[in-house]
$ cat start.pdb   # PDB, C-alpha atoms and all ligand atoms
ATOM      1  CA  MET V1120      13.892   4.789  20.769  1.00  0.00           C
ATOM      2  CA  SER V1121      16.043   5.508  17.747  1.00  0.00           C
ATOM      3  CA  LEU V1122      14.787   5.048  14.219  1.00  0.00           C
ATOM      4  CA  LYS V1123      16.930   1.947  13.948  1.00  0.00           C
ATOM      5  CA  GLU V1124      15.432   0.422  17.094  1.00  0.00           C
ATOM      6  CA  GLN V1125      11.885   1.217  16.022  1.00  0.00           C
ATOM      7  CA  LEU V1126      12.465  -0.426  12.661  1.00  0.00           C
ATOM      8  CA  LYS V1127      13.948  -3.449  14.369  1.00  0.00           C
ATOM      9  CA  GLU V1128      10.938  -3.727  16.639  1.00  0.00           C
ATOM     10  CA  VAL V1129       8.553  -3.646  13.677  1.00  0.00           C
ATOM     11  CA  GLN V1130      10.615  -6.316  11.906  1.00  0.00           C
ATOM     12  CA  GLU V1131      10.578  -8.492  15.012  1.00  0.00           C
ATOM     13  CA  ASN V1132       6.821  -8.065  15.359  1.00  0.00           C
ATOM     14  CA  ILE V1133       6.402  -9.124  11.744  1.00  0.00           C
ATOM     15  CA  ALA V1134       8.488 -12.235  12.412  1.00  0.00           C
ATOM     16  CA  LEU V1135       6.395 -13.021  15.521  1.00  0.00           C
ATOM     17  CA  ALA V1136       3.099 -12.612  13.688  1.00  0.00           C
ATOM     18  CA  CYS V1137       4.389 -14.859  10.885  1.00  0.00           C
ATOM     19  CA  LYS V1138       5.392 -17.461  13.418  1.00  0.00           C
ATOM     20  CA  ARG V1139       1.963 -17.399  15.066  1.00  0.00           C
ATOM     21  CA  ALA V1140       0.340 -17.848  11.673  1.00  0.00           C
ATOM     22  CA  GLY V1141       2.761 -20.559  10.519  1.00  0.00           C
ATOM     23  CA  ARG V1142       4.004 -18.362   7.695  1.00  0.00           C
ATOM     24  CA  SER V1143       7.497 -17.552   6.489  1.00  0.00           C
ATOM     25  CA  PRO V1144       8.594 -13.932   7.053  1.00  0.00           C
ATOM     26  CA  LYS V1145       9.761 -14.048   3.442  1.00  0.00           C
ATOM     27  CA  GLU V1146       6.096 -13.915   2.414  1.00  0.00           C
ATOM     28  CA  VAL V1147       5.637 -10.480   3.972  1.00  0.00           C
ATOM     29  CA  THR V1148       7.114  -7.261   2.591  1.00  0.00           C
ATOM     30  CA  LEU V1149       7.434  -4.296   4.914  1.00  0.00           C
ATOM     31  CA  ILE V1150       6.720  -0.995   3.189  1.00  0.00           C
ATOM     32  CA  ALA V1151       8.182   1.920   5.129  1.00  0.00           C
ATOM     33  CA  VAL V1152       5.587   4.681   4.764  1.00  0.00           C
ATOM     34  CA  SER V1153       7.744   7.782   4.620  1.00  0.00           C
ATOM     35  CA  LYS V1154       5.173  10.491   3.769  1.00  0.00           C
ATOM     36  CA  THR V1155       6.017  13.891   5.302  1.00  0.00           C
ATOM     37  CA  LYS V1156       9.355  12.530   6.578  1.00  0.00           C
ATOM     38  CA  PRO V1157      12.680  14.127   5.616  1.00  0.00           C
ATOM     39  CA  PHE V1158      15.319  12.534   3.402  1.00  0.00           C
ATOM     40  CA  PHE V1159      17.782  11.752   6.188  1.00  0.00           C
ATOM     41  CA  MET V1160      15.242   9.487   7.867  1.00  0.00           C
ATOM     42  CA  LEU V1161      14.626   7.563   4.665  1.00  0.00           C
ATOM     43  CA  GLU V1162      18.376   7.253   4.179  1.00  0.00           C
ATOM     44  CA  GLU V1163      18.784   5.820   7.646  1.00  0.00           C
ATOM     45  CA  VAL V1164      16.076   3.220   7.070  1.00  0.00           C
ATOM     46  CA  TYR V1165      17.587   2.471   3.652  1.00  0.00           C
ATOM     47  CA  GLY V1166      20.900   1.931   5.410  1.00  0.00           C
ATOM     48  CA  GLU V1167      19.235  -0.790   7.462  1.00  0.00           C
ATOM     49  CA  GLY V1168      18.336  -2.655   4.290  1.00  0.00           C
ATOM     50  CA  VAL V1169      14.773  -1.466   3.633  1.00  0.00           C
ATOM     51  CA  ARG V1170      14.079  -1.104  -0.106  1.00  0.00           C
ATOM     52  CA  ASP V1171      10.306  -0.588  -0.209  1.00  0.00           C
ATOM     53  CA  PHE V1172       8.988   2.893   0.575  1.00  0.00           C
ATOM     54  CA  GLY V1173       5.413   4.150   0.437  1.00  0.00           C
ATOM     55  CA  GLU V1174       4.216   7.667  -0.321  1.00  0.00           C
ATOM     56  CA  ASN V1175       0.712   9.035  -0.715  1.00  0.00           C
ATOM     57  CA  LYS V1176       1.382  12.100  -2.857  1.00  0.00           C
ATOM     58  CA  VAL V1177       2.722  11.981  -6.377  1.00  0.00           C
ATOM     59  CA  GLN V1178       4.874  15.081  -6.063  1.00  0.00           C
ATOM     60  CA  GLU V1179       6.511  13.971  -2.835  1.00  0.00           C
ATOM     61  CA  LEU V1180       7.133  10.501  -4.225  1.00  0.00           C
ATOM     62  CA  CYS V1181       8.786  11.919  -7.351  1.00  0.00           C
ATOM     63  CA  GLU V1182      10.998  14.315  -5.385  1.00  0.00           C
ATOM     64  CA  LYS V1183      12.185  11.608  -3.037  1.00  0.00           C
ATOM     65  CA  LYS V1184      12.702   9.181  -5.866  1.00  0.00           C
ATOM     66  CA  GLU V1185      14.900  11.638  -7.714  1.00  0.00           C
ATOM     67  CA  HIS V1186      17.273  12.123  -4.792  1.00  0.00           C
ATOM     68  CA  LEU V1187      17.446   8.676  -3.224  1.00  0.00           C
ATOM     69  CA  PRO V1188      19.122   5.445  -4.408  1.00  0.00           C
ATOM     70  CA  LYS V1189      17.785   3.924  -7.587  1.00  0.00           C
ATOM     71  CA  ASP V1190      17.199   0.460  -6.182  1.00  0.00           C
ATOM     72  CA  ILE V1191      14.319   1.663  -3.985  1.00  0.00           C
ATOM     73  CA  ARG V1192      10.894   0.316  -4.917  1.00  0.00           C
ATOM     74  CA  TRP V1193       8.411   3.167  -4.606  1.00  0.00           C
ATOM     75  CA  HIS V1194       4.814   2.385  -3.711  1.00  0.00           C
ATOM     76  CA  MET V1195       2.029   4.830  -4.446  1.00  0.00           C
ATOM     77  CA  ILE V1196      -0.421   4.176  -1.609  1.00  0.00           C
ATOM     78  CA  GLY V1197      -2.579   7.310  -1.614  1.00  0.00           C
ATOM     79  CA  HIS V1198      -5.626   8.380  -3.570  1.00  0.00           C
ATOM     80  CA  LEU V1199      -4.546   9.113  -7.117  1.00  0.00           C
ATOM     81  CA  GLN V1200      -5.929  11.760  -9.439  1.00  0.00           C
ATOM     82  CA  ARG V1201      -6.014  10.950 -13.109  1.00  0.00           C
ATOM     83  CA  ASN V1202      -4.064  14.052 -14.126  1.00  0.00           C
ATOM     84  CA  LYS V1203      -1.123  12.976 -11.923  1.00  0.00           C
ATOM     85  CA  VAL V1204      -0.761   9.478 -13.326  1.00  0.00           C
ATOM     86  CA  LYS V1205       1.718  10.526 -16.013  1.00  0.00           C
ATOM     87  CA  TYR V1206       4.291  11.551 -13.409  1.00  0.00           C
ATOM     88  CA  LEU V1207       4.381   8.020 -12.029  1.00  0.00           C
ATOM     89  CA  MET V1208       5.400   6.354 -15.272  1.00  0.00           C
ATOM     90  CA  ASP V1209       9.075   6.889 -14.592  1.00  0.00           C
ATOM     91  CA  GLY V1210       9.370   3.893 -12.354  1.00  0.00           C
ATOM     92  CA  VAL V1211       6.759   3.483  -9.638  1.00  0.00           C
ATOM     93  CA  ALA V1212       6.923  -0.147  -8.469  1.00  0.00           C
ATOM     94  CA  LEU V1213       3.281  -0.614  -7.508  1.00  0.00           C
ATOM     95  CA  ILE V1214       0.164   1.548  -7.413  1.00  0.00           C
ATOM     96  CA  HIS V1215      -1.956   0.356  -4.470  1.00  0.00           C
ATOM     97  CA  SER V1216      -4.938   2.635  -4.883  1.00  0.00           C
ATOM     98  CA  VAL V1217      -6.824   1.856  -8.080  1.00  0.00           C
ATOM     99  CA  ASP V1218     -10.529   2.128  -7.370  1.00  0.00           C
ATOM    100  CA  SER V1219     -12.223   3.033 -10.659  1.00  0.00           C
ATOM    101  CA  VAL V1220     -12.213   2.049 -14.305  1.00  0.00           C
ATOM    102  CA  SER V1221     -11.498   5.634 -15.309  1.00  0.00           C
ATOM    103  CA  LEU V1222      -8.338   5.769 -13.204  1.00  0.00           C
ATOM    104  CA  ALA V1223      -7.252   2.356 -14.488  1.00  0.00           C
ATOM    105  CA  ARG V1224      -7.879   3.505 -18.049  1.00  0.00           C
ATOM    106  CA  GLU V1225      -5.622   6.522 -17.575  1.00  0.00           C
ATOM    107  CA  ILE V1226      -2.861   4.347 -16.094  1.00  0.00           C
ATOM    108  CA  SER V1227      -3.294   1.993 -19.038  1.00  0.00           C
ATOM    109  CA  ASN V1228      -3.074   4.834 -21.579  1.00  0.00           C
ATOM    110  CA  GLN V1229       0.065   6.221 -19.984  1.00  0.00           C
ATOM    111  CA  ALA V1230       1.627   2.773 -19.647  1.00  0.00           C
ATOM    112  CA  VAL V1231       1.088   2.048 -23.326  1.00  0.00           C
ATOM    113  CA  LYS V1232       2.456   5.456 -24.257  1.00  0.00           C
ATOM    114  CA  HIS V1233       5.587   4.817 -22.166  1.00  0.00           C
ATOM    115  CA  GLN V1234       5.843   1.223 -23.374  1.00  0.00           C
ATOM    116  CA  ARG V1235       5.783  -0.310 -19.943  1.00  0.00           C
ATOM    117  CA  THR V1236       3.606  -2.547 -17.831  1.00  0.00           C
ATOM    118  CA  VAL V1237       2.385  -1.057 -14.571  1.00  0.00           C
ATOM    119  CA  ASP V1238       1.625  -3.247 -11.580  1.00  0.00           C
ATOM    120  CA  ILE V1239      -1.477  -2.220  -9.681  1.00  0.00           C
ATOM    121  CA  LEU V1240      -3.677  -3.252  -6.771  1.00  0.00           C
ATOM    122  CA  ILE V1241      -7.411  -2.752  -6.509  1.00  0.00           C
ATOM    123  CA  GLN V1242      -8.349  -0.793  -3.390  1.00  0.00           C
ATOM    124  CA  VAL V1243     -11.295  -2.244  -1.492  1.00  0.00           C
ATOM    125  CA  ASN V1244     -13.202  -0.351   1.188  1.00  0.00           C
ATOM    126  CA  MET V1245     -14.070  -3.487   3.114  1.00  0.00           C
ATOM    127  CA  ALA V1246     -15.608  -1.719   6.109  1.00  0.00           C
ATOM    128  CA  CYS V1247     -17.716   0.530   3.835  1.00  0.00           C
ATOM    129  CA  GLU V1248     -16.436   3.675   5.522  1.00  0.00           C
ATOM    130  CA  GLU V1249     -17.786   6.855   3.986  1.00  0.00           C
ATOM    131  CA  SER V1250     -14.494   8.673   4.514  1.00  0.00           C
ATOM    132  CA  LYS V1251     -12.431   6.147   2.575  1.00  0.00           C
ATOM    133  CA  PHE V1252     -11.794   5.502  -1.076  1.00  0.00           C
ATOM    134  CA  GLY V1253     -12.043   2.052  -2.597  1.00  0.00           C
ATOM    135  CA  VAL V1254     -14.741  -0.133  -4.077  1.00  0.00           C
ATOM    136  CA  SER V1255     -17.084  -2.280  -2.048  1.00  0.00           C
ATOM    137  CA  ARG V1256     -16.574  -5.990  -1.782  1.00  0.00           C
ATOM    138  CA  GLU V1257     -19.508  -6.455  -4.179  1.00  0.00           C
ATOM    139  CA  GLU V1258     -18.039  -4.098  -6.770  1.00  0.00           C
ATOM    140  CA  ALA V1259     -14.521  -5.522  -6.567  1.00  0.00           C
ATOM    141  CA  MET V1260     -15.008  -8.472  -8.901  1.00  0.00           C
ATOM    142  CA  ALA V1261     -16.591  -6.313 -11.604  1.00  0.00           C
ATOM    143  CA  LEU V1262     -13.780  -3.778 -11.367  1.00  0.00           C
ATOM    144  CA  VAL V1263     -11.103  -6.483 -11.542  1.00  0.00           C
ATOM    145  CA  THR V1264     -12.757  -7.969 -14.620  1.00  0.00           C
ATOM    146  CA  ALA V1265     -13.094  -4.602 -16.363  1.00  0.00           C
ATOM    147  CA  VAL V1266      -9.539  -3.522 -15.557  1.00  0.00           C
ATOM    148  CA  SER V1267      -8.030  -6.863 -16.545  1.00  0.00           C
ATOM    149  CA  ALA V1268      -8.970  -6.173 -20.157  1.00  0.00           C
ATOM    150  CA  LEU V1269      -6.881  -2.977 -20.343  1.00  0.00           C
ATOM    151  CA  PRO V1270      -3.412  -3.117 -21.933  1.00  0.00           C
ATOM    152  CA  GLY V1271      -0.259  -2.080 -20.076  1.00  0.00           C
ATOM    153  CA  LEU V1272      -1.550  -3.083 -16.656  1.00  0.00           C
ATOM    154  CA  ARG V1273      -1.135  -6.089 -14.430  1.00  0.00           C
ATOM    155  CA  ILE V1274      -3.413  -6.553 -11.442  1.00  0.00           C
ATOM    156  CA  GLN V1275      -1.183  -7.975  -8.712  1.00  0.00           C
ATOM    157  CA  GLY V1276      -3.739  -8.081  -5.929  1.00  0.00           C
ATOM    158  CA  LEU V1277      -5.834  -6.101  -3.484  1.00  0.00           C
ATOM    159  CA  MET V1278      -5.299  -3.339  -0.946  1.00  0.00           C
ATOM    160  CA  THR V1279      -7.394  -2.082   1.940  1.00  0.00           C
ATOM    161  CA  ILE V1280      -7.196   0.599   4.606  1.00  0.00           C
ATOM    162  CA  ALA V1281      -8.951  -0.742   7.669  1.00  0.00           C
ATOM    163  CA  PRO V1282     -10.813   1.546  10.103  1.00  0.00           C
ATOM    164  CA  PHE V1283      -8.896   3.502  12.706  1.00  0.00           C
ATOM    165  CA  VAL V1284      -9.488   1.501  15.900  1.00  0.00           C
ATOM    166  CA  GLU V1285      -8.004   1.294  19.385  1.00  0.00           C
ATOM    167  CA  ASN V1286      -8.057  -2.485  19.454  1.00  0.00           C
ATOM    168  CA  PRO V1287      -6.625  -4.099  16.299  1.00  0.00           C
ATOM    169  CA  GLU V1288      -8.732  -7.223  16.894  1.00  0.00           C
ATOM    170  CA  GLU V1289     -11.709  -5.196  15.677  1.00  0.00           C
ATOM    171  CA  ASN V1290     -10.177  -5.192  12.213  1.00  0.00           C
ATOM    172  CA  ARG V1291      -9.547  -8.924  12.041  1.00  0.00           C
ATOM    173  CA  VAL V1292     -12.924  -9.524  10.409  1.00  0.00           C
ATOM    174  CA  TYR V1293     -12.124  -7.093   7.572  1.00  0.00           C
ATOM    175  CA  PHE V1294      -8.708  -8.633   6.969  1.00  0.00           C
ATOM    176  CA  ARG V1295     -10.299 -12.070   6.882  1.00  0.00           C
ATOM    177  CA  GLN V1296     -12.916 -10.892   4.373  1.00  0.00           C
ATOM    178  CA  MET V1297     -10.139  -9.392   2.241  1.00  0.00           C
ATOM    179  CA  LYS V1298      -8.349 -12.739   2.153  1.00  0.00           C
ATOM    180  CA  GLU V1299     -11.570 -14.484   1.147  1.00  0.00           C
ATOM    181  CA  LEU V1300     -12.173 -12.011  -1.655  1.00  0.00           C
ATOM    182  CA  PHE V1301      -8.535 -12.390  -2.734  1.00  0.00           C
ATOM    183  CA  VAL V1302      -8.906 -16.178  -2.943  1.00  0.00           C
ATOM    184  CA  ASP V1303     -12.263 -15.915  -4.749  1.00  0.00           C
ATOM    185  CA  ILE V1304     -10.772 -13.666  -7.403  1.00  0.00           C
ATOM    186  CA  LYS V1305      -7.655 -15.807  -7.730  1.00  0.00           C
ATOM    187  CA  GLU V1306      -9.766 -18.898  -8.312  1.00  0.00           C
ATOM    188  CA  LYS V1307     -11.491 -17.226 -11.256  1.00  0.00           C
ATOM    189  CA  ASN V1308      -8.144 -17.344 -13.118  1.00  0.00           C
ATOM    190  CA  ILE V1309      -8.805 -14.147 -15.024  1.00  0.00           C
ATOM    191  CA  ASP V1310      -6.218 -13.307 -17.719  1.00  0.00           C
ATOM    192  CA  ASN V1311      -3.812 -10.593 -16.590  1.00  0.00           C
ATOM    193  CA  VAL V1312      -4.846 -10.953 -12.943  1.00  0.00           C
ATOM    194  CA  ALA V1313      -2.150 -12.440 -10.720  1.00  0.00           C
ATOM    195  CA  MET V1314      -3.422 -12.050  -7.125  1.00  0.00           C
ATOM    196  CA  ASN V1315       0.031 -12.257  -5.541  1.00  0.00           C
ATOM    197  CA  VAL V1316      -0.245  -9.251  -3.263  1.00  0.00           C
ATOM    198  CA  LEU V1317      -2.548  -8.543  -0.356  1.00  0.00           C
ATOM    199  CA  SER V1318      -1.627  -5.095   0.972  1.00  0.00           C
ATOM    200  CA  MET V1319      -3.184  -4.563   4.379  1.00  0.00           C
ATOM    201  CA  GLY V1320      -2.162  -3.574   7.898  1.00  0.00           C
ATOM    202  CA  MET V1321      -0.723  -0.311   9.230  1.00  0.00           C
ATOM    203  CA  THR V1322       1.026   0.643  12.473  1.00  0.00           C
ATOM    204  CA  GLY V1323      -2.024  -0.115  14.621  1.00  0.00           C
ATOM    205  CA  ASP V1324      -2.947  -3.467  13.148  1.00  0.00           C
ATOM    206  CA  TYR V1325      -0.215  -4.990  10.955  1.00  0.00           C
ATOM    207  CA  MET V1326       0.259  -8.035  13.169  1.00  0.00           C
ATOM    208  CA  VAL V1327      -3.404  -8.992  12.914  1.00  0.00           C
ATOM    209  CA  ALA V1328      -3.274  -8.337   9.159  1.00  0.00           C
ATOM    210  CA  ILE V1329      -0.320 -10.716   8.801  1.00  0.00           C
ATOM    211  CA  GLU V1330      -2.107 -13.393  10.802  1.00  0.00           C
ATOM    212  CA  GLU V1331      -4.965 -13.075   8.315  1.00  0.00           C
ATOM    213  CA  GLY V1332      -2.772 -13.293   5.224  1.00  0.00           C
ATOM    214  CA  ALA V1333      -1.267  -9.879   4.385  1.00  0.00           C
ATOM    215  CA  THR V1334       1.723 -10.083   2.038  1.00  0.00           C
ATOM    216  CA  MET V1335       2.522  -6.363   2.301  1.00  0.00           C
ATOM    217  CA  VAL V1336       2.157  -4.207   5.385  1.00  0.00           C
ATOM    218  CA  ARG V1337       2.389  -0.407   5.223  1.00  0.00           C
ATOM    219  CA  VAL V1338       3.958   0.973   8.383  1.00  0.00           C
ATOM    220  CA  GLY V1339       4.669   4.660   8.900  1.00  0.00           C
ATOM    221  CA  THR V1340       4.335   5.817  12.507  1.00  0.00           C
ATOM    222  CA  GLY V1341       5.721   2.554  13.901  1.00  0.00           C
ATOM    223  CA  ILE V1342       9.025   3.201  12.132  1.00  0.00           C
ATOM    224  CA  PHE V1343       9.326   6.966  11.741  1.00  0.00           C
ATOM    225  CA  GLY V1344       7.251   8.215  14.683  1.00  0.00           C
ATOM    226  CA  GLU V1345       4.223  10.505  14.617  1.00  0.00           C
ATOM    227  CA  ARG V1346       3.564  12.704  11.621  1.00  0.00           C
ATOM    228  CA  HIS V1347       3.047  16.348  12.384  1.00  0.00           C
ATOM    229  CA  TYR V1348      -0.277  17.407  11.064  1.00  0.00           C
ATOM    230  CA  SER V1349      -3.693  17.289  12.695  1.00  0.00           C
ATOM    231  CA  LYS V1350      -5.826  14.151  12.708  1.00  0.00           C
ATOM    232  CA  GLU V1351      -8.391  15.863  10.532  1.00  0.00           C
ATOM    233  CA  ARG V1352      -5.835  16.481   7.851  1.00  0.00           C
ATOM    234  CA  GLU V1353      -4.596  12.933   8.283  1.00  0.00           C
ATOM    235  CA  ASN V1354      -8.005  11.507   7.395  1.00  0.00           C
ATOM    236  CA  GLU V1355      -8.160  13.721   4.399  1.00  0.00           C
ATOM    237  CA  ILE V1356      -4.744  12.537   3.281  1.00  0.00           C
ATOM    238  CA  ILE V1357      -5.326   8.849   3.922  1.00  0.00           C
ATOM    239  CA  GLY V1358      -8.712   9.035   2.195  1.00  0.00           C
TER     240      GLY V1358
HETATM  241  C1  LIG V1401      -0.181   6.871   6.070  1.00  0.00           C
HETATM  242  C2  LIG V1401      -0.593   5.555   5.510  1.00  0.00           C
HETATM  243  C3  LIG V1401      -0.130   4.361   6.098  1.00  0.00           C
HETATM  244  C4  LIG V1401       0.740   4.290   7.328  1.00  0.00           C
HETATM  245  O1  LIG V1401       0.032   4.664   8.463  1.00  0.00           O
HETATM  246  P1  LIG V1401       0.664   4.465   9.927  1.00  0.00           P
HETATM  247  O2  LIG V1401      -0.533   4.370  10.802  1.00  0.00           O
HETATM  248  O3  LIG V1401       1.492   5.657  10.194  1.00  0.00           O
HETATM  249  O4  LIG V1401       1.452   3.213   9.909  1.00  0.00           O
HETATM  250  C5  LIG V1401      -0.513   3.178   5.489  1.00  0.00           C
HETATM  251  N1  LIG V1401      -1.303   3.148   4.401  1.00  0.00           N
HETATM  252  C6  LIG V1401      -1.768   4.278   3.819  1.00  0.00           C
HETATM  253  C7  LIG V1401      -2.610   4.180   2.614  1.00  0.00           C
HETATM  254  C8  LIG V1401      -1.427   5.512   4.354  1.00  0.00           C
HETATM  255  O5  LIG V1401      -1.879   6.630   3.768  1.00  0.00           O
END

$ encode --input "start.pdb" --output "structure tokens" --more "lines below"
Ligand SMILES: *Cc1c(COP(=O)(O)O)cnc(C)c1O
Amino acid sequence: MSLKEQLKEVQENIALACKRAGRSPKEVTLIAVSKTKPFFMLEEVYGEGVRDFGENKVQELCEKKEHLPKDIRWHMIGHLQRNKVKYLMDGVALIHSVDSVSLAREISNQAVKHQRTVDILIQVNMACEESKFGVSREEAMALVTAVSALPGLRIQGLMTIAPFVENPEENRVYFRQMKELFVDIKEKNIDNVAMNVLSMGMTGDYMVAIEEGATMVRVGTGIFGERHYSKERENEIIG
């Protein structure tokens, strides 16, 4: 299949999952995860109308951002080191991977310095996997509360990376728990905390994630095809 056809298939699957769940496809944003992929592929997907792209490395995100159209919304979805935060101030749309007060504090400091407000998500490790970043469900509320007090930031919601499974149904329980946590936090009406975005679901499980309430899905392989590095490295990169 061509890139165009693969994208179309993903978009149709999103529409189907929305239909099954009685949701409008307008509620779900597809983020094309373009890490490791060359410019021409991103340009082709852009040509099909996609405006949200996800990268997991600051340097790669910045390079792509510099050379591609300015109306792209860039999503930082990978583990973020504090010393790299400053490079994101020039226009990242959303940082999905905030999982500590110290990281949030650095984003806040840089945001204030650059006189902007940065939208962030709190990353939750719902399945408590050792290999993954993110706070536990129990820690999430405390982190949201602590981060909400920092200037220059706006918490827009939550993000999770579900386990790598053969059968996506196995992840339904984690997506459901994410939605519950999302609603719990929303109901607390904390200042500066919007809870508009629930970023969950990847190539293997985005349809289940949408059925359980995802508002952003992050799809790489399903659009661009396999990435060419070993699985071991992949885990390291996904975190
Ligand atoms: C790579 C990556 C994705 C996309 O994974 P695919 O399985 O290729 O769809 C989504 N989210 C994060 C955080 C990633 O690092």

$ residues_near_ligand --input "start.pdb" --ligand "ligand LIG 1401 (chain V)" --cutoff "9 Å" --atoms "all atoms listed in the file" --output "ChimeraX atom specification"
/V:1150-1154,1173-1175,1195-1198,1215-1216,1278-1280,1283,1318-1325,1336-1346,1353-1354,1356-1358

$ atom_distance --input "start.pdb" --atom1 "atom CA of V:Val1302" --atom2 "atom CA of V:Met1314"
8.0 Å

$ resolve_selection --input "start.pdb" --expression "the PyMOL selection byres (((chain V and resi 1228) around 10) and not hetatm)" --output "number ranges by chain"
V: 1204-1205, 1222-1227, 1229-1234, 1269-1272

$ write_last_selection --input "start.pdb" --atoms "C-alpha atoms" --output "JSON list (two decimals), in the frame of the given file"
[["chain", "number", "residue", "atom", "x", "y", "z"],
["V", 1204, "VAL", "CA", -0.76, 9.48, -13.33],
["V", 1205, "LYS", "CA", 1.72, 10.53, -16.01],
["V", 1222, "LEU", "CA", -8.34, 5.77, -13.20],
["V", 1223, "ALA", "CA", -7.25, 2.36, -14.49],
["V", 1224, "ARG", "CA", -7.88, 3.50, -18.05],
["V", 1225, "GLU", "CA", -5.62, 6.52, -17.58],
["V", 1226, "ILE", "CA", -2.86, 4.35, -16.09],
["V", 1227, "SER", "CA", -3.29, 1.99, -19.04],
["V", 1229, "GLN", "CA", 0.06, 6.22, -19.98],
["V", 1230, "ALA", "CA", 1.63, 2.77, -19.65],
["V", 1231, "VAL", "CA", 1.09, 2.05, -23.33],
["V", 1232, "LYS", "CA", 2.46, 5.46, -24.26],
["V", 1233, "HIS", "CA", 5.59, 4.82, -22.17],
["V", 1234, "GLN", "CA", 5.84, 1.22, -23.37],
["V", 1269, "LEU", "CA", -6.88, -2.98, -20.34],
["V", 1270, "PRO", "CA", -3.41, -3.12, -21.93],
["V", 1271, "GLY", "CA", -0.26, -2.08, -20.08],
["V", 1272, "LEU", "CA", -1.55, -3.08, -16.66]]

$ resolve_selection --input "start.pdb" --expression "the PyMOL selection byres (((chain V and resi 1241-1250) around 7) and not hetatm)" --output "PyMOL selection string"
chain V and resi 1215-1218+1239-1240+1251-1256+1259+1276-1281+1293+1358

$ atom_distance --input "start.pdb" --atom1 "atom CA of V:Lys1127" --atom2 "atom CA of V:Arg1139"
18.4 Å

$ residues_near_point --input "start.pdb" --point "(10.8, -6.6, 13.1)" --cutoff "12 Å" --atoms "all atoms listed in the file" --output "CSV table (one decimal) with C-alpha atoms, in the frame of the given file"
chain,number,residue,atom,x,y,z
V,1123,LYS,CA,16.9,1.9,13.9
V,1124,GLU,CA,15.4,0.4,17.1
V,1125,GLN,CA,11.9,1.2,16.0
V,1126,LEU,CA,12.5,-0.4,12.7
V,1127,LYS,CA,13.9,-3.4,14.4
V,1128,GLU,CA,10.9,-3.7,16.6
V,1129,VAL,CA,8.6,-3.6,13.7
V,1130,GLN,CA,10.6,-6.3,11.9
V,1131,GLU,CA,10.6,-8.5,15.0
V,1132,ASN,CA,6.8,-8.1,15.4
V,1133,ILE,CA,6.4,-9.1,11.7
V,1134,ALA,CA,8.5,-12.2,12.4
V,1135,LEU,CA,6.4,-13.0,15.5
V,1136,ALA,CA,3.1,-12.6,13.7
V,1137,CYS,CA,4.4,-14.9,10.9
V,1144,PRO,CA,8.6,-13.9,7.1
V,1147,VAL,CA,5.6,-10.5,4.0
V,1148,THR,CA,7.1,-7.3,2.6
V,1149,LEU,CA,7.4,-4.3,4.9
V,1151,ALA,CA,8.2,1.9,5.1
V,1167,GLU,CA,19.2,-0.8,7.5
V,1169,VAL,CA,14.8,-1.5,3.6
V,1325,TYR,CA,-0.2,-5.0,11.0
V,1326,MET,CA,0.3,-8.0,13.2
V,1336,VAL,CA,2.2,-4.2,5.4
V,1338,VAL,CA,4.0,1.0,8.4
V,1341,GLY,CA,5.7,2.6,13.9
V,1342,ILE,CA,9.0,3.2,12.1
